[in-house]
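Undergrad: Sharing model-v1.cif (mmCIF, C-alpha atoms) below.
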data_run
loop_
_atom_site.label_atom_id
_atom_site.label_comp_id
_atom_site.auth_asym_id
_atom_site.auth_seq_id
_atom_site.Cartn_x
_atom_site.Cartn_y
_atom_site.Cartn_z
CA MET D 29 -5.92 49.08 -0.28
CA PRO D 30 -2.98 46.84 0.83
CA PRO D 31 -3.77 44.13 3.41
CA LYS D 32 -2.95 44.77 7.00
CA PRO D 33 0.46 43.45 8.13
CA ILE D 34 -1.15 41.17 10.72
CA VAL D 35 -2.96 39.27 7.94
CA GLU D 36 0.29 38.97 6.05
CA TYR D 37 2.09 37.61 9.11
CA PHE D 38 -0.73 35.13 9.68
CA ILE D 39 -0.61 33.83 6.10
CA TYR D 40 3.16 33.37 6.10
CA ALA D 41 3.01 31.70 9.51
CA LEU D 42 0.34 29.35 8.12
CA ILE D 43 2.54 28.51 5.12
CA ILE D 44 5.47 27.75 7.41
CA ILE D 45 3.33 25.56 9.67
CA LEU D 46 1.84 23.67 6.70
CA SER D 47 5.32 23.20 5.24
CA LEU D 48 6.52 21.75 8.53
CA ILE D 49 3.53 19.39 8.60
CA VAL D 50 4.37 18.20 5.07
CA LEU D 51 8.00 17.74 6.10
CA ALA D 52 6.94 15.72 9.16
CA LEU D 53 4.70 13.51 7.01
CA VAL D 54 7.55 12.87 4.59
CA ILE D 55 9.90 12.01 7.47
CA VAL D 56 7.55 9.42 8.99
CA SER D 57 6.88 7.76 5.64
CA PRO D 58 8.93 5.34 3.53
CA PRO D 59 10.64 6.58 0.37
CA GLY D 60 8.58 4.19 -1.75
CA PHE D 61 5.43 6.25 -1.17
CA MET D 62 6.58 8.74 -3.74
CA GLU D 63 7.40 6.14 -6.38
CA ASN D 64 5.10 4.29 -8.68
CA LYS D 65 6.78 0.97 -8.08
CA SER D 66 7.49 -1.63 -5.50
CA VAL D 67 10.90 -1.00 -4.00
CA TYR D 68 11.60 -4.04 -1.87
CA GLN D 69 11.08 -7.39 -3.44
CA GLY D 70 11.97 -6.98 -7.03
CA PHE D 71 8.56 -6.78 -8.60
CA MET W 139 15.86 38.56 -4.33
CA ARG W 140 12.41 38.05 -5.80
CA PRO W 141 9.75 37.39 -3.18
CA ALA W 142 8.25 33.88 -3.14
CA PHE W 143 4.79 35.29 -3.73
CA GLY W 144 3.81 38.23 -5.88
CA SER W 145 1.14 39.36 -3.48
CA THR W 146 -0.42 38.51 -0.16
CA ARG W 147 -3.41 37.16 -2.06
CA SER W 148 -1.30 34.64 -3.99
CA ALA W 149 0.37 33.58 -0.71
CA ALA W 150 -3.05 33.06 0.81
CA ALA W 151 -4.17 31.04 -2.22
CA PHE W 152 -1.09 28.82 -1.91
CA ALA W 153 -1.70 28.28 1.81
CA LEU W 154 -5.33 27.39 1.10
CA LEU W 155 -4.32 24.92 -1.60
CA VAL W 156 -1.85 23.14 0.70
CA LEU W 157 -4.41 23.12 3.50
CA ILE W 158 -7.04 21.54 1.25
CA LEU W 159 -4.59 18.91 -0.02
CA LEU W 160 -3.66 18.02 3.54
CA LEU W 161 -7.28 17.79 4.67
CA LEU W 162 -8.72 15.98 1.63
CA PRO W 163 -8.44 12.43 3.03
CA ALA W 164 -10.34 13.50 6.13
CA ILE W 165 -12.93 15.46 4.15
CA VAL W 166 -13.74 12.84 1.51
CA GLY W 167 -15.80 10.16 3.22
CA PRO W 168 -16.26 6.55 2.12
CA GLY W 169 -19.48 7.39 0.29
CA GLN W 170 -17.68 9.96 -1.85
CA LEU W 171 -14.75 7.76 -2.83
CA PRO W 172 -14.82 5.63 -5.99
CA SER W 173 -15.34 1.86 -5.68
CA ARG W 174 -12.34 -0.01 -4.32
CA GLU W 175 -12.33 -1.86 -7.63
CA GLU W 176 -10.81 1.29 -9.12
CA ILE W 177 -7.79 0.83 -6.86
CA TYR W 178 -6.99 -2.58 -8.27
CA SER W 179 -7.63 -1.62 -11.88
CA SER W 180 -5.05 1.16 -11.56
CA PHE W 181 -2.08 -1.11 -10.79
CA TRP W 182 0.32 -2.38 -13.40
CA TRP W 183 2.11 -5.71 -13.59
CA ALA W 184 5.36 -4.40 -12.10
CA ASN W 185 3.65 -4.10 -8.71
CA GLY W 186 2.82 -7.79 -8.92
CA PRO W 187 -0.03 -9.61 -10.64
CA PHE W 188 -2.59 -6.96 -9.64
CA PRO W 189 -4.57 -7.24 -12.89
CA TYR W 190 -5.14 -10.88 -11.91
CA ILE W 191 -5.94 -9.90 -8.30
CA HIS W 192 -8.48 -7.39 -9.64
CA GLN W 193 -10.12 -10.12 -11.68
CA GLN W 194 -10.14 -12.53 -8.75
CA ILE W 195 -11.62 -10.13 -6.21
CA PHE W 196 -14.13 -8.26 -8.35
CA LYS W 197 -14.95 -10.37 -11.40
CA GLU W 198 -14.71 -14.06 -10.62
CA LYS W 199 -17.37 -15.41 -8.27
CA GLY W 200 -17.61 -18.43 -6.01
CA ASP W 201 -15.74 -19.95 -3.10
CA ILE W 202 -11.99 -20.40 -3.02
CA ASP W 203 -10.77 -23.60 -1.41
CA ILE W 204 -7.21 -22.45 -0.76
CA ALA W 205 -5.83 -18.94 -1.28
CA PHE W 206 -2.10 -18.30 -1.00
CA VAL W 207 -1.80 -14.68 0.08
CA GLY W 208 1.23 -12.47 0.54
CA SER W 209 4.11 -10.79 -1.19
CA SER W 210 6.43 -12.03 -3.94
CA HIS W 211 7.98 -14.47 -1.47
CA MET W 212 4.70 -16.42 -1.54
CA ALA W 213 3.99 -15.68 -5.22
CA GLN W 214 7.30 -17.23 -6.26
CA GLY W 215 7.23 -20.04 -3.70
CA ILE W 216 4.12 -21.97 -4.71
CA ASN W 217 3.05 -23.52 -8.00
CA THR W 218 -0.68 -22.96 -7.63
CA PRO W 219 -1.88 -25.03 -10.63
CA TYR W 220 -0.06 -28.03 -9.16
CA VAL W 221 -1.80 -27.62 -5.79
CA GLN W 222 -5.17 -27.13 -7.48
CA GLU W 223 -4.75 -30.29 -9.55
CA LYS W 224 -3.79 -32.39 -6.51
CA LEU W 225 -6.60 -30.96 -4.38
CA GLY W 226 -9.14 -31.59 -7.14
CA LYS W 227 -8.07 -35.23 -7.35
CA LYS W 228 -8.34 -35.61 -3.61
CA LEU W 229 -11.76 -33.95 -3.38
CA GLY W 230 -13.17 -35.66 -6.46
CA ARG W 231 -14.41 -32.32 -7.80
CA PRO W 232 -12.82 -29.29 -9.45
CA ALA W 233 -10.92 -27.43 -6.75
CA VAL W 234 -10.40 -23.67 -6.64
CA VAL W 235 -6.90 -22.68 -5.56
CA ARG W 236 -5.56 -19.19 -6.14
CA SER W 237 -2.47 -17.11 -5.44
CA ILE W 238 -3.40 -13.57 -4.45
CA CYS W 239 0.09 -12.13 -4.23
CA TRP W 240 1.74 -8.80 -4.96
CA GLY W 241 5.07 -6.99 -4.79
CA GLY W 242 6.43 -5.61 -1.53
CA ALA W 243 6.20 -7.41 1.77
CA GLY W 244 4.33 -6.24 4.82
CA TYR W 245 1.52 -7.41 7.07
CA ASP W 246 -0.30 -4.14 6.38
CA ALA W 247 -0.68 -5.07 2.71
CA LEU W 248 -1.61 -8.59 3.78
CA TYR W 249 -4.38 -7.23 6.00
CA PHE W 250 -5.87 -4.65 3.62
CA ILE W 251 -5.74 -6.71 0.41
CA THR W 252 -7.03 -9.86 2.12
CA ARG W 253 -9.80 -7.70 3.58
CA ASP W 254 -10.94 -6.82 0.06
CA LEU W 255 -10.67 -10.46 -0.97
CA LEU W 256 -12.74 -11.74 1.96
CA GLN W 257 -15.42 -9.12 1.39
CA HIS W 258 -16.01 -10.54 -2.09
CA ARG W 259 -15.07 -14.23 -1.93
CA LYS W 260 -15.54 -16.95 0.64
CA VAL W 261 -12.09 -18.44 1.30
CA HIS W 262 -11.90 -21.72 3.19
CA MET W 263 -8.17 -21.78 3.86
CA LEU W 264 -5.67 -18.91 3.78
CA VAL W 265 -2.01 -19.84 3.47
CA PHE W 266 0.32 -16.98 4.31
CA TYR W 267 3.92 -16.18 5.10
CA ASP W 268 5.42 -12.75 5.24
CA ASP W 269 8.14 -13.00 7.81
CA TYR W 270 11.05 -12.24 5.51
CA ASN W 271 10.62 -8.52 5.25
CA PRO W 272 13.49 -6.06 5.02
CA GLY W 273 11.12 -3.10 4.88
CA TRP W 274 8.66 -3.82 7.61
CA TYR W 275 9.59 -1.01 9.97
CA TRP W 276 7.75 1.15 7.46
CA ALA W 277 4.33 1.09 5.91
CA ASN W 278 4.23 -0.87 2.66
CA SER W 279 5.38 1.24 -0.28
CA LEU W 280 2.08 0.61 -2.09
CA ALA W 281 -0.01 1.95 0.79
CA PRO W 282 -0.90 5.15 -1.15
CA ARG W 283 -2.82 2.87 -3.53
CA TRP W 284 -4.82 0.58 -1.25
CA PHE W 285 -5.05 2.64 1.94
CA ARG W 286 -7.80 5.23 1.84
CA PHE W 287 -8.51 7.18 4.98
CA GLY W 288 -12.24 7.29 4.27
CA ASP W 289 -12.44 3.49 4.08
CA ASN W 290 -9.71 2.40 6.43
CA ALA W 291 -9.21 5.01 9.17
CA LYS W 292 -10.71 2.76 11.85
CA ALA W 293 -8.09 0.12 11.12
CA LEU W 294 -5.40 2.47 12.45
CA SER W 295 -6.94 3.07 15.86
CA GLY W 296 -4.42 0.94 17.78
CA LEU W 297 -1.29 2.33 16.10
CA SER W 298 1.08 4.99 17.41
CA VAL W 299 0.60 8.54 16.15
CA ARG W 300 3.75 8.25 14.05
CA PHE W 301 2.38 5.31 12.08
CA GLN W 302 -1.08 6.84 11.85
CA LEU W 303 0.52 9.90 10.28
CA SER W 304 2.42 7.72 7.86
CA TYR W 305 -0.81 6.12 6.57
CA TYR W 306 -2.56 9.47 6.50
CA PHE W 307 0.25 10.75 4.27
CA ALA W 308 -0.28 7.68 2.08
CA ALA W 309 -3.93 8.68 1.76
CA ILE W 310 -2.92 12.23 0.76
CA ILE W 311 -0.66 10.93 -1.99
CA GLY W 312 -3.33 8.55 -3.22
CA MET W 313 -6.13 11.11 -3.22
CA PRO W 314 -5.58 12.66 -6.70
CA ARG W 315 -5.77 9.20 -8.27
CA ASN W 316 -9.00 8.50 -6.39
CA LEU W 317 -10.53 11.83 -7.38
CA LEU W 318 -9.61 11.13 -11.00
CA SER W 319 -11.41 7.78 -10.76
CA LEU W 320 -14.53 9.67 -9.72
CA ILE W 321 -14.47 11.48 -13.05
CA ARG W 322 -13.75 8.44 -15.22
CA SER W 323 -13.20 4.72 -14.64
CA ASN W 324 -9.86 3.03 -15.16
CA ILE W 325 -9.60 0.73 -18.13
CA PRO W 326 -8.40 -2.58 -16.63
CA VAL W 327 -5.23 -4.04 -18.07
CA ASP W 328 -5.73 -6.98 -20.41
CA LEU W 329 -5.03 -10.12 -18.42
CA ILE W 330 -3.63 -11.87 -21.44
CA SER W 331 -2.29 -10.03 -24.45
CA LYS W 332 0.17 -10.55 -27.27
CA LYS W 333 2.42 -7.92 -25.77
CA LYS W 334 4.32 -9.48 -22.88
CA ASN W 335 3.82 -7.91 -19.46
CA TYR W 336 6.53 -6.78 -17.03
CA LEU W 337 6.66 -10.11 -15.21
CA GLU W 338 6.87 -12.18 -18.38
CA ILE W 339 9.69 -10.01 -19.70
CA ASN W 340 11.77 -9.61 -16.54
CA PHE W 341 11.22 -13.03 -15.01
CA LYS W 342 11.11 -14.96 -18.32
CA ALA W 343 8.10 -16.77 -16.95
CA PRO W 344 4.50 -17.48 -17.94
CA ASN W 345 1.89 -14.78 -17.43
CA PRO W 346 0.65 -15.18 -13.81
CA ALA W 347 -2.93 -14.88 -15.11
CA THR W 348 -2.41 -18.24 -16.85
CA MET W 349 -0.95 -19.73 -13.65
CA LEU W 350 -3.74 -18.94 -11.15
CA GLY W 351 -1.70 -16.01 -9.83
CA THR W 352 1.61 -17.82 -9.46
CA SER W 353 4.68 -15.87 -10.49
CA SER W 354 7.71 -17.91 -11.32
CA ALA W 355 11.21 -16.79 -12.23
CA HIS W 356 12.93 -18.66 -15.03
CA ILE W 357 16.29 -17.15 -14.17
CA GLY W 358 19.41 -18.13 -12.23
CA PHE W 359 20.81 -16.80 -8.98
CA GLY W 360 21.68 -13.13 -8.60
CA LEU W 361 22.53 -10.73 -5.81
CA ASP W 362 20.04 -7.95 -6.55
CA PRO W 363 16.40 -8.08 -5.42
CA ALA W 364 15.28 -7.60 -9.01
CA PRO W 365 16.56 -9.71 -11.89
CA THR W 366 19.43 -8.10 -13.78
CA SER W 367 21.90 -9.11 -16.45
CA GLU W 368 24.16 -10.21 -13.55
CA ASN W 369 21.86 -13.13 -12.70
CA ALA W 370 23.32 -16.51 -13.57
CA PRO W 371 21.79 -18.31 -16.57
CA PHE W 372 18.86 -20.54 -15.68
CA VAL W 373 19.76 -24.21 -15.42
CA ASP W 374 17.07 -26.87 -15.20
CA PHE W 375 17.49 -28.63 -11.89
CA ALA W 376 14.95 -31.06 -10.46
CA PRO W 377 16.25 -32.83 -7.37
CA PRO W 378 14.45 -36.05 -6.41
CA THR W 379 11.59 -35.43 -4.00
CA ASP W 380 11.10 -39.13 -3.07
CA ALA W 381 10.21 -39.36 0.61
CA LEU W 382 10.69 -35.70 1.46
CA SER W 383 6.97 -35.04 1.93
CA SER W 384 7.14 -37.14 5.08
CA GLU W 385 9.75 -34.72 6.42
CA VAL W 386 7.28 -31.84 6.38
CA SER W 387 6.23 -30.86 9.88
CA ILE W 388 2.84 -29.57 10.95
CA TYR W 389 3.39 -28.01 14.36
CA SER W 390 2.10 -30.03 17.31
CA PRO W 391 3.58 -31.13 20.63
CA ALA W 392 4.90 -34.19 18.82
CA THR W 393 6.75 -32.14 16.17
CA ARG W 394 7.85 -29.34 18.46
CA ALA W 395 11.52 -30.29 18.14
CA MET W 396 11.37 -29.49 14.44
CA PHE W 397 10.65 -25.83 15.17
CA GLN W 398 12.75 -23.11 16.74
CA PHE W 399 11.34 -19.85 18.09
CA LYS W 400 14.15 -17.48 18.88
CA GLY W 401 13.00 -14.06 17.81
CA PRO W 402 13.85 -11.27 17.48
CA PRO W 403 10.38 -10.03 18.44
CA THR W 404 8.16 -8.75 15.67
CA PRO W 405 8.20 -4.92 15.54
CA PRO W 406 4.97 -3.13 16.57
CA LEU W 407 3.75 -2.12 13.10
CA PRO W 408 3.81 -5.55 11.42
CA LEU W 409 2.63 -7.20 14.63
CA TYR W 410 -0.41 -4.92 14.76
CA PHE W 411 -1.48 -5.75 11.22
CA ALA W 412 -0.58 -9.44 11.53
CA ARG W 413 -3.03 -9.68 14.42
CA LYS W 414 -5.70 -7.81 12.50
CA PHE W 415 -5.15 -10.11 9.52
CA ALA W 416 -5.57 -13.19 11.72
CA THR W 417 -8.67 -11.79 13.42
CA GLN W 418 -10.42 -10.95 10.16
CA ALA W 419 -9.58 -14.38 8.72
CA GLN W 420 -11.17 -16.06 11.71
CA GLU W 421 -14.21 -13.78 11.60
CA ASN W 422 -14.68 -14.85 7.99
CA GLY W 423 -14.32 -18.56 8.79
CA ALA W 424 -11.03 -19.06 6.97
CA LYS W 425 -8.56 -21.58 8.34
CA LEU W 426 -5.14 -19.99 8.81
CA VAL W 427 -1.98 -21.79 7.77
CA LEU W 428 1.45 -20.22 8.15
CA LEU W 429 3.72 -21.83 5.58
CA HIS W 430 7.44 -21.46 6.21
CA ILE W 431 9.15 -20.78 2.87
CA PRO W 432 12.90 -21.02 3.42
CA ILE W 433 15.29 -18.34 2.26
CA PHE W 434 18.78 -19.13 0.99
CA SER W 435 20.59 -18.28 4.24
CA GLU W 436 18.53 -20.89 6.12
CA ARG W 437 19.70 -23.75 3.90
CA LYS W 438 21.67 -25.51 6.65
CA ASP W 439 19.15 -25.02 9.49
CA ALA W 440 18.20 -28.29 11.13
CA GLU W 441 14.97 -26.78 12.45
CA ILE W 442 12.26 -24.56 11.00
CA ARG W 443 13.33 -21.18 12.33
CA GLU W 444 10.41 -18.97 13.23
CA ARG W 445 10.63 -15.57 14.84
CA GLU W 446 7.66 -16.18 17.10
CA PHE W 447 5.34 -18.87 18.30
CA TRP W 448 2.65 -17.45 16.04
CA PRO W 449 -0.54 -18.94 17.57
CA ASP W 450 0.27 -17.08 20.80
CA VAL W 451 1.52 -13.89 19.20
CA LEU W 452 -1.35 -13.61 16.73
CA ARG W 453 -3.88 -14.75 19.37
CA ALA W 454 -5.44 -16.97 16.76
CA ASP W 455 -5.74 -20.57 15.70
CA VAL W 456 -2.82 -20.64 13.28
CA THR W 457 -1.37 -23.90 11.99
CA MET W 458 2.35 -23.71 11.27
CA VAL W 459 3.82 -25.96 8.61
CA GLY W 460 7.22 -26.26 6.98
CA ILE W 461 10.17 -28.50 6.34
CA PRO W 462 13.53 -28.12 8.07
CA PRO W 463 15.77 -26.57 5.39
CA ALA W 464 18.65 -28.96 6.10
CA ARG W 465 16.32 -31.79 5.11
CA LEU W 466 14.86 -29.96 2.14
CA PHE W 467 18.37 -29.37 0.78
CA ALA W 468 20.00 -32.56 2.10
CA GLY W 469 22.83 -33.78 -0.10
CA MET W 470 22.98 -30.57 -2.11
CA THR W 471 26.00 -28.31 -2.45
CA ASP W 472 25.58 -24.54 -2.09
CA ASP W 473 25.79 -24.31 -5.88
CA ASP W 474 22.95 -26.82 -6.17
CA VAL W 475 20.81 -24.80 -3.75
CA ARG W 476 21.50 -21.62 -5.76
CA LYS W 477 19.95 -23.34 -8.78
CA LEU W 478 16.66 -23.31 -6.84
CA TYR W 479 16.67 -19.54 -6.14
CA TYR W 480 16.85 -16.39 -8.23
CA ASN W 481 18.04 -14.34 -5.29
CA SER W 482 18.60 -14.86 -1.58
CA ALA W 483 14.90 -14.61 -0.72
CA HIS W 484 13.00 -15.97 -3.71
CA LEU W 485 12.74 -19.42 -5.22
CA ASN W 486 12.94 -19.66 -9.01
CA THR W 487 10.98 -22.08 -11.20
CA ASN W 488 13.17 -25.01 -10.10
CA GLY W 489 12.73 -24.20 -6.43
CA GLN W 490 9.04 -23.48 -6.76
CA GLU W 491 8.31 -26.85 -8.38
CA TYR W 492 10.55 -28.70 -5.93
CA PHE W 493 9.16 -27.01 -2.81
CA THR W 494 5.51 -27.20 -3.95
CA SER W 495 5.61 -30.91 -4.70
CA ILE W 496 7.05 -31.59 -1.24
CA ILE W 497 4.74 -29.34 0.75
CA THR W 498 1.45 -30.03 -1.08
CA PRO W 499 0.47 -33.32 0.66
CA SER W 500 0.59 -31.53 4.03
CA LEU W 501 -1.47 -28.61 2.72
CA LEU W 502 -4.10 -31.05 1.42
CA GLU W 503 -4.11 -32.79 4.79
CA LEU W 504 -4.70 -29.45 6.52
CA TYR W 505 -7.50 -28.63 4.09
CA ALA W 506 -9.37 -31.91 4.65
CA PRO W 507 -11.46 -30.71 7.66
CA GLN W 508 -12.45 -27.56 5.70
CA ALA W 509 -13.74 -29.70 2.82
CA HIS W 510 -16.47 -31.13 5.05
CA ARG W 511 -17.70 -27.80 6.42
#
Translate the structure of the given file into C-alpha cells.

TA:
Amino acid sequence: MPPKPIVEYFIYALIIILSLIVLALVIVSPPGFMENKSVYQGF
Amino acid sequence: MRPAFGSTRSAAAFALLVLILLLLPAIVGPGQLPSREEIYSSFWWANGPFPYIHQQIFKEKGDIDIAFVGSSHMAQGINTPYVQEKLGKKLGRPAVVRSICWGGAGYDALYFITRDLLQHRKVHMLVFYDDYNPGWYWANSLAPRWFRFGDNAKALSGLSVRFQLSYYFAAIIGMPRNLLSLIRSNIPVDLISKKKNYLEINFKAPNPATMLGTSSAHIGFGLDPAPTSENAPFVDFAPPTDALSSEVSIYSPATRAMFQFKGPPTPPLPLYFARKFATQAQENGAKLVLLHIPIFSERKDAEIREREFWPDVLRADVTMVGIPPARLFAGMTDDDVRKLYYNSAHLNTNGQEYFTSIITPSLLELYAPQAHR
C-alpha cells in the first residue's frame, strides 16, 4: 500500500530542512575544514 | 527527469542518515569517544610536528621548564635546543625546554592543544605568540581534528551562535575519524625514520623530533606561504649579535616607550580563546610570556608594535618581551633582512638562530623566579 501523501511531504520537507542546515554549517565554517591540510601558514 | 529517490522509503532512509550524522556529536558523549591520544596519533607531519607533540603530551613524562607553544610562526622562530642548553647551564641541571607547535595560527588551537598539554605535563613557563594570523576570523582549519563536542562543548559557552555552529560542524566532520578510532587504534607515525618526512623534504631542515619540536626552514625568501621552487636559494647569513641582547625589552613602566599599542582590536573569536588560554595557564601555575616575533614588514619599526596591551585584554599576568625590529635589523639592507626569512611571516634557519641567541638571555631571566618554585 503506497504511503500517504502527508508522510511524503513531511519526509521531503525534512530533507530540505536538513540540507539547509548543512548549507548553513558550511557557510559559517572555514574552507580548510574540508581539507586534510593546514591552509594558512605553509605547513 | 528521474526522481531523486526511488521510493518514499529510500527518501526517509536518506533523511534519517543525514539527521544521525548531524546529531552524532551531540549524541556521543565524552565517555564514548576514544582517548584524545588518538587525535594526535592521526595527524601527519604536514600539519606540523604533531607526531612529536603526540609523544610529548602522551608518552614523555615529567615537568617542562619552558614550553614554546603556538603555530608555525613560533615553531620557526625559536631554536629550542639552544634555549635548553643555555637554561641547563644557568640552572646547573638538565633543563627541559620544548616547542609544542603546529601548522595554522589561531588562539583556538592554542587553547585546545595547550589544554591537552597541561592535563598531562606540568609546565612552568609558557611562551606564546600568535598575533600574526591572516585566518583568525575563522575557526582554525584543524578544528575538526582536535575539537570534539563531547569533550569541549563547555568551552564554547561564551561564543556567538555563529561560532558555536562552526565548531559543531567541525565536530561533525571529525566524527567518522573518531568512530573509526573506537574500532581500532591509530598506529603512530615513526618519529624518526630513514624516509624523510614532509617538513624535512619541503623545508630542507632537520626532523623537528631531533630538535625538541623546533621546525627550521633551510630555504631563502619567497612570496608564497609554503616553500616553492620560486624561493630564493638559501644563503648562510649570521649577523653579529654582540650587544643586541641588552636591547631586548621586558615590558615595565621603565620600558614602556619601547612598546606601541595601536590596535586594531582583536576580533571576538580569537579574543575569546586567548582569554581562555591565559586563564587555564594561570590555573595550572604556568607563567605566561608573550614573545614578540617580528615579521618582515615590521623591520623598520622603532618600537615593538603590539595590537593590544595584553595584560589588560587577557585579564592575566602576562609578561611581554621583544626587541624593537629597527634595532634587531640595524645596519642591514632589505636584502640582508630577507636572508633571515623564508617568507614575509616566518624566519628561516638564519633568522631563527639570530633571533634566538638575542632573545634567550631575557627568557632565562624571566624563568628565574619559576626555577625556585

Undergrad: Identify, on the basis of only C-alpha atoms, every residue whose closest approach to Arg413 (chain W) does not exceed 8 Å; exclude the query and any residue fewer than 5 positions from it along the same chain; express the result as a list of chain:residue names.

TA: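 Close residues of Arg413 (chain W): W:Val451, W:Leu452, W:Arg453.
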
Undergrad: Find the spatial neighbours of Pro219 (chain W), counting only C-alpha atoms, within a cut-off of 9 Å - ignore same-chain residues fewer than 6 positions away - and output them as number ranges by chain.

TA: W: 235-236, 349-350, 352

Undergrad: Show me, as JSON, numbers by chain, the residues that have an atom within 10 Å of Ile325 (chain W) when counting only C-alpha atoms, minus same-chain residues fewer than 4 positions from it.

TA: {"W": [176, 179, 180]}

Undergrad: Near Ile43 (chain D), within 10 Å and counting only C-alpha atoms, which residues show up once chain neighbours fewer than 5 positions away are dropped, as an mmCIF file with C-alpha atoms, in the coordinates of the input?

TA:
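See selection_24.cif below for the written result:
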data_model
loop_
_atom_site.group_PDB
_atom_site.id
_atom_site.type_symbol
_atom_site.label_atom_id
_atom_site.label_comp_id
_atom_site.auth_asym_id
_atom_site.auth_seq_id
_atom_site.Cartn_x
_atom_site.Cartn_y
_atom_site.Cartn_z
ATOM 1 C CA TYR D 37 2.090 37.610 9.110
ATOM 2 C CA PHE D 38 -0.730 35.130 9.680
ATOM 3 C CA LEU D 48 6.520 21.750 8.530
ATOM 4 C CA ILE D 49 3.530 19.390 8.600
ATOM 5 C CA ALA W 149 0.370 33.580 -0.710
ATOM 6 C CA ALA W 150 -3.050 33.060 0.810
ATOM 7 C CA PHE W 152 -1.090 28.820 -1.910
ATOM 8 C CA ALA W 153 -1.700 28.280 1.810
ATOM 9 C CA LEU W 154 -5.330 27.390 1.100
ATOM 10 C CA VAL W 156 -1.850 23.140 0.700
ATOM 11 C CA LEU W 157 -4.410 23.120 3.500
#

Undergrad: Quick one: of W:Leu303, W:Ile388, W:Leu329, W:Leu361, who's nearest to Ala52 (chain D), counting all atoms listed in the file?

TA: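 For Ala52 (chain D), the nearest of the candidates is W:Leu303.
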
Undergrad: Pick the closest to chain W from D:Ile44, D:Leu51, D:Ile34, D:Val56: which is it, counting all atoms listed in the file?

TA: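 Closest to chain W of all the choices is D:Val56.
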
Undergrad: With only C-alpha atoms considered, list every residue of chain W at most 6 Å from chain D, as a list in words.

TA: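 In the required form, that comes to Ala150, Ala153, Ala184, Asn185, Gly186, Gly241, Gly242, Trp276, Ser279, Ser304, Phe307, Pro363 and Ala364 of chain W.
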
Undergrad: Residues picked by the PyMOL selection byres ((chain W and resi 256-271) around 7) here, as a VMD selection string?

TA: chain W and resid 195 to 196 199 to 209 212 243 to 245 252 to 255 272 to 274 423 to 430 505 508

Undergrad: Using all atoms listed in the file, which residues sit within 9 Å of region 167-173 of chain W once same-chain residues fewer than 5 positions away are excluded, as JSON, numbers by chain?

TA: {"W": [286, 287, 288, 289, 290, 316, 317, 319, 320, 323]}

Undergrad: The PyMOL selection byres ((chain W and resi 371) around 6) - which residues does that actually catch in the file I just gave you? List them as a ChimeraX atom specification.

TA: /W:358,370,372

Undergrad: Translate the PyMOL selection byres ((chain W and resi 217) around 12), as applied to the file shown, into an explicit residue set as a ChimeraX atom specification.

TA: /W:206,212-216,218-224,235-237,344,346,348-355,485-498

Undergrad: Would you work out the distance separating CA of Val459 (chain W) from CA of Pro403 (chain W), expressed in Å to one decimal?

TA: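 Rounded to one decimal, the two atoms are 19.8 Å apart.
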
Undergrad: Would you mind reading off the distance between CA of Phe411 (chain W) and CA of Asp246 (chain W), one decimal, in Å?

TA: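 Spanning CA of Phe411 (chain W) to CA of Asp246 (chain W) is a straight-line distance of 5.2 Å.
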
Undergrad: Quick check, in Å to one decimal: how far apart do CA of Tyr389 (chain W) and CA of Pro232 (chain W) lie?

TA: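 CA of Pro232 (chain W) lies at a distance of 28.8 Å from CA of Tyr389 (chain W).
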
Undergrad: Identify which of the residues W:Arg315, W:Arg322, W:Arg300, W:His192 lies closest to Pro282 (chain W), counting only C-alpha atoms when measuring atom-to-atom distances.

TA: W:Arg315

Undergrad: Of the residues W:Tyr336, W:Ile357, W:Ala281, W:Asn369, which is the one nearest to Tyr249 (chain W), using only C-alpha atoms?

TA: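 Smallest distance to Tyr249 (chain W) is found for W:Ala281.
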
Undergrad: What would region 50-60 of chain D look like with N, CA and C atoms in place, written as a CSV table (one decimal), in the frame of the given file?

TA:
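The result, stored in selection.csv:
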chain,number,residue,atom,x,y,z
D,50,VAL,N,4.0,19.0,6.2
D,50,VAL,CA,4.4,18.2,5.1
D,50,VAL,C,5.7,17.5,5.3
D,51,LEU,N,6.7,18.3,5.8
D,51,LEU,CA,8.0,17.7,6.1
D,51,LEU,C,7.9,16.6,7.1
D,52,ALA,N,7.1,16.8,8.1
D,52,ALA,CA,6.9,15.7,9.2
D,52,ALA,C,6.3,14.5,8.5
D,53,LEU,N,5.3,14.7,7.7
D,53,LEU,CA,4.7,13.5,7.0
D,53,LEU,C,5.7,12.8,6.1
D,54,VAL,N,6.5,13.5,5.4
D,54,VAL,CA,7.6,12.9,4.6
D,54,VAL,C,8.5,12.1,5.5
D,55,ILE,N,8.9,12.7,6.6
D,55,ILE,CA,9.9,12.0,7.5
D,55,ILE,C,9.4,10.7,8.0
D,56,VAL,N,8.1,10.6,8.4
D,56,VAL,CA,7.6,9.4,9.0
D,56,VAL,C,7.1,8.4,7.9
D,57,SER,N,7.3,8.7,6.7
D,57,SER,CA,6.9,7.8,5.6
D,57,SER,C,8.0,7.2,4.9
D,58,PRO,N,7.8,6.0,4.3
D,58,PRO,CA,8.9,5.3,3.5
D,58,PRO,C,9.1,6.0,2.2
D,59,PRO,N,10.3,5.9,1.6
D,59,PRO,CA,10.6,6.6,0.4
D,59,PRO,C,9.8,6.0,-0.8
D,60,GLY,N,9.4,4.8,-0.7
D,60,GLY,CA,8.6,4.2,-1.8
D,60,GLY,C,7.2,4.8,-2.0
